[in-house]
Amino acid sequence: MKQRDRLTSLFWAGVGLYIAYEGYRLKLGTLGSPNCGFFIFWTGLVLTGLGLILFSQTLLWPKEAKDRQTLWEGSQWSKGAKMMAALLLYALLFKWLGFILSTFLLLLFLCKGLEPQKWRVAFILAAATTVTCYFVFGVFLELQFPPGLLQKILE
Amino acid sequence: MMDFPSAMQLGLTTALQPMNLLYCFIGVFIGTMIGVLPGIGPSGAIAILMPTTFNIPAVSAIIMLAGIYYGAMYGGSTTSILVNIPGEAASVVTCIDGYQMARQGRAGPALGISAFGSFIAGISGIILLSILAPSLAQVALDFGPPEFFSLMVLGLTLVIYLGSASMVKALMMASLGAVLGCIGQDPILAAPRLTYGLEALFDGLDLIPVIMGLFGISEVLLNLEEGVKRQIYETKIKGLLPSREDWKLSSKPIIRGSLLGFFLGVVPGGGALLASFTSYAIEKKFSKHPERFGHGAIEGVAGPETANNAGTMGAMVPLLTLGIPSNVAMALLLAALMIHGTPPGPLLIQNHPDLFWGIMASMIIGNFLLLLLNLPLIGIWVKVLKIPYQVLFPLIIIFCLIGAYSVHMNAMDILIMLVFGVFGYFMRKFEYDGAPLVLAFILAPMMETALRQSLIVSRGDFGIFIHRPYSLVALVTAVIFLVMPLISFLRKKREKLVVEED
């Protein structure tokens, strides 16, 4: 068993207890007439039970724990963090900025900010992808993208 | 029920309609491309493209989405042979001998036999599926809620047993997936559950943002931090048609792979991955010269490549006849069928014969198209292979964003996808498997309804699951598969203790 499983097993056991509590609050009903919370309550308890089994395994066989090094050792985790921050910003500004502007800016950041690309290449890639996506999804497949700021500027 | 020739005639009439032909081509083309490109699998591609099918007829939609699934298996072999990196998990085993063949200047015959083997598997799989599915659907017509509940328990158990390194962790993820599947309105009483007053959760979590987050975004996150390095073995691809000697060596592995792959594909959790690995092991065992395996044996390419394609056809059986998906891609096809108002199950063939037989016929056409796409156009796929990851990942991200948004035209779905992206990243870091979560997520509402209906009918007596033979068999089998790893684990521990004492 791995050392890190000890932490996650307790975490999931706790989550299971919370789910069971939520199920209990929704009302369990009876066996002959199960209510809204019946399935959720029992599934939560199963999750807790499994979490405790995993935890007990880590206690019973601790010798097998060989993963002392951290999960992020030698990895470029900051790239992923930057990308997620950019995607969060994209989701929040999507309606206000509109599809074209927000997508172009996001792509420019992904192409230039995360990987070493030349400005010209990043710009062309971002613009070409945005325009292609707009025509394929927005025009051809008729998905309703928010026009956003760009429309206001053009008006 | 229709006789087989009339049914196939109906299927061909449906599949040969120009629009359906076009969607079939788009499906297999995208499938091949997805198979060739790393960083996005068929499940992700189906999830991304599913919203684009909302406005087209159900038959065309499923023809295209199914095409992506089986097309990816063809494309996956190209990367295994030329780059030594499988484009798709089911092509992992092809790397062993396929890449060695490429290094010996025999990339052409390796690609050729894998395409021909895939084609033969596809066609024989469709024939087996056409024969088996209607009979199974006929049996399933007698099933009630207890049988369906037990079958879903069995399906989930098999997925967990066959596909996961840690059974406890996989069961935990299945439990979590089941709870996530319960978010939204209660299926019987229509009361909101676990919505916390958020309007976006009233209809429940949608499968598409969940899958895109778990498999698309998390994959990009991991690739970004680890870096994707690919080196294409520079070789001239010539002589795609295998020689007489190649055919002699490959014919039996292809036949065995077709049958084995199909029946392993029927088993939930089995599918293409298990089929390809089992086929490789069997071919090595059957071979008169097992020492050639690992050094460019063509049987090591022909068998697994045939088996993984046959496995994709086999996986359609439980989906189309029982409405039970055996893997994540099938879960997405289930969702697509439900969105189009044609829920899969025993009544699908009876109520929508054009849909069922249309899909069957389209798969025959799709396999012909794949043969044309994968042999004469191999040069294009080699060029696609050379697209650097720094160009590829922004495209994957944008497709995921558009796919998530297009479900309800709501940016909230993008946020949900991002949450599951981060969750999927940590899941992989801590070695928790995503497939049980997704399958439980999609099966949970059906399982819960079947469980509650069974208990209402039996007035709270759990004996209803034991008194019905099909249900009993399914539950006993599930218990056996659940207990088996525990017994083997305890036995190993005991043996270890005995050795230490000695």
# chains A, B, ... in the order shown; residues from 1 in each chain; ligands from 1
call {"tool": "select_by_dssp", "arguments": {"residues": "stretch 226-325 of chain B", "states": "alpha helix (DSSP H)", "output": "PyMOL selection string"}}
result
chain B and resi 226+244-266+271-286+299-314+316-322
call {"tool": "interface_residues", "arguments": {"of": "chain B", "to": "chain A", "cutoff": "6 Å", "atoms": "only C-alpha atoms", "output": "list in words"}}
result
Met172, Ser175, Leu221, Glu225, Glu226, Ala411, Leu455, Ile456, Arg459 and Gly460 of chain B
call {"tool": "residues_around", "arguments": {"residues": "stretch 199-206 of chain B", "least_positions_apart": "6", "cutoff": "10 Å", "atoms": "only C-alpha atoms", "output": "list in words"}}
result
Leu180, Gly181, Cys182, Ile183, Gly184, Gln185, Asp186, Ala191, Pro192, Arg193, Ala335, Ala404, Val407, His408, Asn410, Met412, Asp413, Ile416, Met417, Phe441 and Ile442 of chain B
call {"tool": "write_last_selection", "arguments": {"atoms": "all heavy atoms", "output": "short mmCIF file (atom, residue, chain, number, x, y, z; two decimals), in the first residue's frame"}}
result
data_model
loop_
_atom_site.label_atom_id
_atom_site.label_comp_id
_atom_site.auth_asym_id
_atom_site.auth_seq_id
_atom_site.Cartn_x
_atom_site.Cartn_y
_atom_site.Cartn_z
N LEU B 180 -22.68 11.11 -7.85
CA LEU B 180 -22.70 12.22 -8.81
C LEU B 180 -23.85 12.05 -9.80
O LEU B 180 -24.48 13.02 -10.23
CB LEU B 180 -21.37 12.30 -9.56
CG LEU B 180 -20.15 12.73 -8.74
CD1 LEU B 180 -18.87 12.56 -9.56
CD2 LEU B 180 -20.28 14.16 -8.27
N GLY B 181 -24.13 10.79 -10.16
CA GLY B 181 -25.24 10.50 -11.07
C GLY B 181 -26.59 10.79 -10.45
O GLY B 181 -27.60 10.92 -11.16
N CYS B 182 -26.65 10.86 -9.11
CA CYS B 182 -27.91 11.13 -8.42
C CYS B 182 -28.23 12.62 -8.31
O CYS B 182 -29.33 12.99 -7.91
CB CYS B 182 -27.87 10.54 -7.01
SG CYS B 182 -27.93 8.76 -6.99
N ILE B 183 -27.24 13.46 -8.63
CA ILE B 183 -27.48 14.91 -8.53
C ILE B 183 -28.60 15.30 -9.50
O ILE B 183 -28.65 14.83 -10.63
CB ILE B 183 -26.18 15.70 -8.84
CG1 ILE B 183 -25.15 15.46 -7.73
CG2 ILE B 183 -26.45 17.19 -8.99
CD1 ILE B 183 -23.78 16.07 -7.98
N GLY B 184 -29.49 16.17 -9.02
CA GLY B 184 -30.61 16.59 -9.86
C GLY B 184 -31.92 16.05 -9.31
O GLY B 184 -32.02 15.71 -8.13
N GLN B 185 -32.91 15.96 -10.19
CA GLN B 185 -34.22 15.52 -9.72
C GLN B 185 -34.27 14.02 -9.44
O GLN B 185 -33.69 13.24 -10.19
CB GLN B 185 -35.27 15.89 -10.76
CG GLN B 185 -35.54 17.38 -10.81
CD GLN B 185 -36.68 17.74 -11.72
OE1 GLN B 185 -37.13 16.92 -12.52
NE2 GLN B 185 -37.16 18.95 -11.62
N ASP B 186 -35.00 13.67 -8.39
CA ASP B 186 -35.20 12.27 -8.05
C ASP B 186 -35.96 11.60 -9.20
O ASP B 186 -36.95 12.14 -9.69
CB ASP B 186 -36.02 12.19 -6.76
CG ASP B 186 -36.31 10.77 -6.36
OD1 ASP B 186 -35.46 10.15 -5.74
OD2 ASP B 186 -37.41 10.27 -6.72
N ALA B 191 -38.09 15.23 -6.75
CA ALA B 191 -37.58 16.24 -5.80
C ALA B 191 -36.10 16.52 -6.09
O ALA B 191 -35.38 15.59 -6.45
CB ALA B 191 -37.75 15.73 -4.38
N PRO B 192 -35.66 17.79 -5.95
CA PRO B 192 -34.24 18.07 -6.21
C PRO B 192 -33.33 17.46 -5.15
O PRO B 192 -33.66 17.47 -3.96
CB PRO B 192 -34.16 19.60 -6.18
CG PRO B 192 -35.36 20.04 -5.43
CD PRO B 192 -36.41 18.99 -5.58
N ARG B 193 -32.18 16.93 -5.60
CA ARG B 193 -31.25 16.30 -4.66
C ARG B 193 -29.84 16.81 -4.90
O ARG B 193 -29.40 16.88 -6.06
CB ARG B 193 -31.27 14.77 -4.84
CG ARG B 193 -32.64 14.17 -4.61
CD ARG B 193 -32.59 12.68 -4.64
NE ARG B 193 -32.11 12.14 -5.91
CZ ARG B 193 -31.97 10.83 -6.14
NH1 ARG B 193 -32.24 9.97 -5.19
NH2 ARG B 193 -31.56 10.41 -7.32
N ALA B 335 -25.71 7.65 -23.96
CA ALA B 335 -26.22 9.00 -23.73
C ALA B 335 -26.76 9.60 -25.03
O ALA B 335 -27.84 10.21 -25.04
CB ALA B 335 -25.11 9.88 -23.16
N ALA B 404 -18.18 21.48 -24.26
CA ALA B 404 -18.87 21.64 -22.97
C ALA B 404 -19.92 22.75 -23.07
O ALA B 404 -21.05 22.59 -22.59
CB ALA B 404 -17.85 21.96 -21.88
N VAL B 407 -23.45 22.06 -24.90
CA VAL B 407 -24.49 21.18 -24.34
C VAL B 407 -25.75 21.98 -24.01
O VAL B 407 -26.86 21.62 -24.40
CB VAL B 407 -23.97 20.45 -23.07
CG1 VAL B 407 -25.04 19.57 -22.48
CG2 VAL B 407 -22.74 19.63 -23.41
N HIS B 408 -25.58 23.06 -23.26
CA HIS B 408 -26.74 23.90 -22.89
C HIS B 408 -26.54 25.36 -23.27
O HIS B 408 -27.28 26.21 -22.79
CB HIS B 408 -26.99 23.83 -21.38
CG HIS B 408 -27.31 22.46 -20.88
ND1 HIS B 408 -26.52 21.79 -19.98
CD2 HIS B 408 -28.33 21.62 -21.17
CE1 HIS B 408 -27.04 20.60 -19.73
NE2 HIS B 408 -28.13 20.47 -20.45
N ASN B 410 -24.25 27.25 -22.18
CA ASN B 410 -24.10 27.88 -20.88
C ASN B 410 -22.64 27.74 -20.42
O ASN B 410 -22.08 26.64 -20.42
CB ASN B 410 -25.04 27.16 -19.90
CG ASN B 410 -25.15 27.89 -18.58
OD1 ASN B 410 -24.35 28.76 -18.27
ND2 ASN B 410 -26.16 27.52 -17.81
N MET B 412 -21.60 27.84 -17.59
CA MET B 412 -21.54 27.05 -16.34
C MET B 412 -20.99 25.65 -16.62
O MET B 412 -20.27 25.09 -15.79
CB MET B 412 -22.95 26.97 -15.75
CG MET B 412 -23.02 26.33 -14.41
SD MET B 412 -22.25 27.37 -13.16
CE MET B 412 -22.28 26.28 -11.77
N ASP B 413 -21.34 25.12 -17.79
CA ASP B 413 -20.85 23.78 -18.14
C ASP B 413 -19.34 23.78 -18.33
O ASP B 413 -18.68 22.76 -18.11
CB ASP B 413 -21.55 23.26 -19.40
CG ASP B 413 -22.97 22.80 -19.10
OD1 ASP B 413 -23.16 22.15 -18.07
OD2 ASP B 413 -23.87 23.12 -19.88
N ILE B 416 -17.99 23.51 -14.88
CA ILE B 416 -18.13 22.12 -14.39
C ILE B 416 -17.01 21.26 -15.00
O ILE B 416 -16.39 20.46 -14.32
CB ILE B 416 -19.54 21.56 -14.74
CG1 ILE B 416 -20.59 22.28 -13.90
CG2 ILE B 416 -19.60 20.05 -14.52
CD1 ILE B 416 -22.02 21.97 -14.26
N MET B 417 -16.76 21.47 -16.29
CA MET B 417 -15.70 20.70 -16.96
C MET B 417 -14.33 20.98 -16.30
O MET B 417 -13.54 20.05 -16.09
CB MET B 417 -15.65 21.07 -18.44
CG MET B 417 -14.59 20.32 -19.21
SD MET B 417 -14.42 20.91 -20.89
CE MET B 417 -13.60 22.47 -20.64
N PHE B 441 -21.64 6.67 -12.91
CA PHE B 441 -22.33 7.95 -13.08
C PHE B 441 -23.51 7.80 -14.05
O PHE B 441 -24.61 8.27 -13.77
CB PHE B 441 -21.33 8.99 -13.60
CG PHE B 441 -21.94 10.32 -13.96
CD1 PHE B 441 -22.31 11.21 -12.99
CD2 PHE B 441 -22.13 10.66 -15.29
CE1 PHE B 441 -22.88 12.43 -13.32
CE2 PHE B 441 -22.69 11.88 -15.64
CZ PHE B 441 -23.06 12.77 -14.65
N ILE B 442 -23.27 7.12 -15.16
CA ILE B 442 -24.35 6.99 -16.15
C ILE B 442 -25.35 5.89 -15.76
O ILE B 442 -26.53 5.99 -16.06
CB ILE B 442 -23.78 6.78 -17.58
CG1 ILE B 442 -24.87 7.10 -18.60
CG2 ILE B 442 -23.22 5.40 -17.80
CD1 ILE B 442 -24.36 7.49 -19.94
#
call {"tool": "closest_residue", "arguments": {"among": "B:Val92, B:Phe54, B:Phe489, B:Val328", "to": "B:Met212", "atoms": "only C-alpha atoms"}}
result
B:Val328
call {"tool": "closest_residue", "arguments": {"among": "B:Val317, B:Leu249, B:Leu82, B:Leu222", "to": "B:Ser135", "atoms": "only C-alpha atoms"}}
result
B:Val317
call {"tool": "residues_around", "arguments": {"residues": "B:Val28", "least_positions_apart": "2", "cutoff": "9 Å", "atoms": "only C-alpha atoms", "output": "count of residues only"}}
result
22
call {"tool": "residues_around", "arguments": {"residues": "A:Val131", "least_positions_apart": "5", "cutoff": "9 Å", "atoms": "only C-alpha atoms", "output": "JSON, numbers by chain"}}
result
{"A": [100, 104, 126, 136]}
call {"tool": "select_by_dssp", "arguments": {"residues": "stretch 113-271 of chain B", "states": "strand (DSSP E or B)", "output": "ChimeraX atom specification"}}
result
/B:184-185,192-193
call {"tool": "atom_distance", "arguments": {"atom1": "atom CA of B:Pro304", "atom2": "atom CA of B:Ala107"}}
result
16.4 Å
call {"tool": "residues_around", "arguments": {"residues": "B:Gly323", "least_positions_apart": "3", "cutoff": "7 Å", "atoms": "only C-alpha atoms", "output": "PyMOL selection string"}}
result
chain B and resi 318-320+344-345
call {"tool": "residues_around", "arguments": {"residues": "B:Gly303", "least_positions_apart": "5", "cutoff": "10 Å", "atoms": "only C-alpha atoms", "output": "list in words"}}
result
Thr94, Ile113, Ser114, Gly117, Ser118, Ala121, Ser250, Ser251, Lys252, Pro253, Ile254, Ile255, Arg256, Gly257, Ser258, Leu260, Gly261, Ala275, Ser276, Phe277, Thr278, Ser279, Tyr280, Ala281, Ile282, Glu283, Lys284, Ile298 and Asn308 of chain B
call {"tool": "write_last_selection", "arguments": {"atoms": "N, CA, C and O atoms", "output": "JSON list (two decimals), in the first residue's frame"}}
result
[["chain", "number", "residue", "atom", "x", "y", "z"],
["B", 94, "THR", "N", 0.52, -3.65, -29.86],
["B", 94, "THR", "CA", 1.00, -3.62, -31.25],
["B", 94, "THR", "C", 2.40, -3.01, -31.33],
["B", 94, "THR", "O", 3.16, -3.30, -32.25],
["B", 113, "ILE", "N", -1.09, -5.48, -42.75],
["B", 113, "ILE", "CA", -1.75, -6.61, -42.09],
["B", 113, "ILE", "C", -2.66, -6.10, -40.97],
["B", 113, "ILE", "O", -3.72, -6.68, -40.71],
["B", 114, "SER", "N", -2.26, -5.00, -40.33],
["B", 114, "SER", "CA", -3.11, -4.47, -39.26],
["B", 114, "SER", "C", -4.40, -3.91, -39.85],
["B", 114, "SER", "O", -5.48, -4.08, -39.27],
["B", 117, "GLY", "N", -6.41, -7.05, -41.11],
["B", 117, "GLY", "CA", -6.91, -7.77, -39.94],
["B", 117, "GLY", "C", -8.06, -7.03, -39.30],
["B", 117, "GLY", "O", -9.09, -7.62, -38.94],
["B", 118, "SER", "N", -7.90, -5.71, -39.16],
["B", 118, "SER", "CA", -8.96, -4.89, -38.57],
["B", 118, "SER", "C", -10.23, -4.98, -39.41],
["B", 118, "SER", "O", -11.34, -5.07, -38.88],
["B", 121, "ALA", "N", -11.85, -8.37, -38.95],
["B", 121, "ALA", "CA", -12.47, -8.40, -37.62],
["B", 121, "ALA", "C", -13.75, -7.59, -37.60],
["B", 121, "ALA", "O", -14.76, -8.00, -37.02],
["B", 250, "SER", "N", -0.24, -15.02, -40.77],
["B", 250, "SER", "CA", -1.23, -14.18, -40.08],
["B", 250, "SER", "C", -2.66, -14.72, -40.13],
["B", 250, "SER", "O", -3.50, -14.25, -39.34],
["B", 251, "SER", "N", -2.94, -15.64, -41.06],
["B", 251, "SER", "CA", -4.34, -16.02, -41.25],
["B", 251, "SER", "C", -4.97, -16.60, -39.98],
["B", 251, "SER", "O", -6.08, -16.20, -39.58],
["B", 252, "LYS", "N", -4.27, -17.53, -39.33],
["B", 252, "LYS", "CA", -4.84, -18.12, -38.11],
["B", 252, "LYS", "C", -4.96, -17.09, -36.96],
["B", 252, "LYS", "O", -6.00, -17.04, -36.30],
["B", 253, "PRO", "N", -3.92, -16.28, -36.72],
["B", 253, "PRO", "CA", -4.09, -15.24, -35.69],
["B", 253, "PRO", "C", -5.28, -14.32, -35.97],
["B", 253, "PRO", "O", -5.97, -13.89, -35.04],
["B", 254, "ILE", "N", -5.53, -14.04, -37.27],
["B", 254, "ILE", "CA", -6.65, -13.16, -37.61],
["B", 254, "ILE", "C", -7.98, -13.84, -37.27],
["B", 254, "ILE", "O", -8.88, -13.22, -36.68],
["B", 255, "ILE", "N", -8.09, -15.13, -37.61],
["B", 255, "ILE", "CA", -9.35, -15.85, -37.31],
["B", 255, "ILE", "C", -9.55, -15.93, -35.79],
["B", 255, "ILE", "O", -10.62, -15.62, -35.27],
["B", 256, "ARG", "N", -8.48, -16.32, -35.09],
["B", 256, "ARG", "CA", -8.58, -16.44, -33.62],
["B", 256, "ARG", "C", -8.89, -15.07, -33.00],
["B", 256, "ARG", "O", -9.75, -14.95, -32.12],
["B", 257, "GLY", "N", -8.20, -14.06, -33.49],
["B", 257, "GLY", "CA", -8.39, -12.70, -32.96],
["B", 257, "GLY", "C", -9.82, -12.20, -33.16],
["B", 257, "GLY", "O", -10.38, -11.55, -32.29],
["B", 258, "SER", "N", -10.41, -12.55, -34.33],
["B", 258, "SER", "CA", -11.78, -12.10, -34.62],
["B", 258, "SER", "C", -12.76, -12.68, -33.60],
["B", 258, "SER", "O", -13.61, -11.96, -33.07],
["B", 260, "LEU", "N", -12.08, -14.35, -30.59],
["B", 260, "LEU", "CA", -11.71, -14.03, -29.21],
["B", 260, "LEU", "C", -12.06, -12.57, -28.88],
["B", 260, "LEU", "O", -12.67, -12.27, -27.85],
["B", 261, "GLY", "N", -11.68, -11.68, -29.78],
["B", 261, "GLY", "CA", -11.92, -10.25, -29.57],
["B", 261, "GLY", "C", -13.39, -9.94, -29.41],
["B", 261, "GLY", "O", -13.78, -9.19, -28.52],
["B", 275, "ALA", "N", -8.94, -7.63, -25.18],
["B", 275, "ALA", "CA", -8.90, -8.49, -26.37],
["B", 275, "ALA", "C", -7.50, -8.49, -26.99],
["B", 275, "ALA", "O", -6.97, -9.55, -27.32],
["B", 276, "SER", "N", -6.89, -7.31, -27.13],
["B", 276, "SER", "CA", -5.60, -7.25, -27.79],
["B", 276, "SER", "C", -4.50, -7.94, -26.95],
["B", 276, "SER", "O", -3.68, -8.66, -27.49],
["B", 277, "PHE", "N", -4.52, -7.72, -25.65],
["B", 277, "PHE", "CA", -3.51, -8.35, -24.79],
["B", 277, "PHE", "C", -3.66, -9.87, -24.77],
["B", 277, "PHE", "O", -2.67, -10.60, -24.85],
["B", 278, "THR", "N", -4.92, -10.33, -24.66],
["B", 278, "THR", "CA", -5.15, -11.78, -24.62],
["B", 278, "THR", "C", -4.73, -12.41, -25.93],
["B", 278, "THR", "O", -4.12, -13.48, -25.95],
["B", 279, "SER", "N", -5.05, -11.75, -27.04],
["B", 279, "SER", "CA", -4.70, -12.28, -28.35],
["B", 279, "SER", "C", -3.18, -12.43, -28.47],
["B", 279, "SER", "O", -2.68, -13.45, -28.97],
["B", 280, "TYR", "N", -2.44, -11.43, -28.01],
["B", 280, "TYR", "CA", -0.97, -11.49, -28.10],
["B", 280, "TYR", "C", -0.44, -12.69, -27.31],
["B", 280, "TYR", "O", 0.41, -13.46, -27.80],
["B", 281, "ALA", "N", -0.98, -12.85, -26.09],
["B", 281, "ALA", "CA", -0.53, -13.96, -25.23],
["B", 281, "ALA", "C", -0.84, -15.30, -25.90],
["B", 281, "ALA", "O", 0.00, -16.21, -25.90],
["B", 282, "ILE", "N", -2.02, -15.41, -26.48],
["B", 282, "ILE", "CA", -2.43, -16.67, -27.12],
["B", 282, "ILE", "C", -1.56, -16.95, -28.35],
["B", 282, "ILE", "O", -1.09, -18.07, -28.55],
["B", 283, "GLU", "N", -1.31, -15.95, -29.17],
["B", 283, "GLU", "CA", -0.51, -16.15, -30.38],
["B", 283, "GLU", "C", 0.92, -16.59, -30.03],
["B", 283, "GLU", "O", 1.50, -17.42, -30.70],
["B", 284, "LYS", "N", 1.44, -16.02, -28.98],
["B", 284, "LYS", "CA", 2.79, -16.37, -28.55],
["B", 284, "LYS", "C", 2.81, -17.84, -28.10],
["B", 284, "LYS", "O", 3.77, -18.57, -28.37],
["B", 298, "ILE", "N", 5.11, -10.94, -37.34],
["B", 298, "ILE", "CA", 3.89, -10.34, -37.92],
["B", 298, "ILE", "C", 2.62, -10.86, -37.21],
["B", 298, "ILE", "O", 1.62, -10.14, -37.12],
["B", 308, "ASN", "N", -8.57, -6.25, -31.26],
["B", 308, "ASN", "CA", -9.10, -5.00, -30.69],
["B", 308, "ASN", "C", -10.25, -4.43, -31.52],
["B", 308, "ASN", "O", -11.17, -3.83, -30.97]]
call {"tool": "atom_distance", "arguments": {"atom1": "atom CA of A:Leu149", "atom2": "atom CA of A:Ser102"}}
result
9.6 Å
call {"tool": "atom_distance", "arguments": {"atom1": "atom CA of B:Thr157", "atom2": "atom CA of B:Gln453"}}
result
21.6 Å
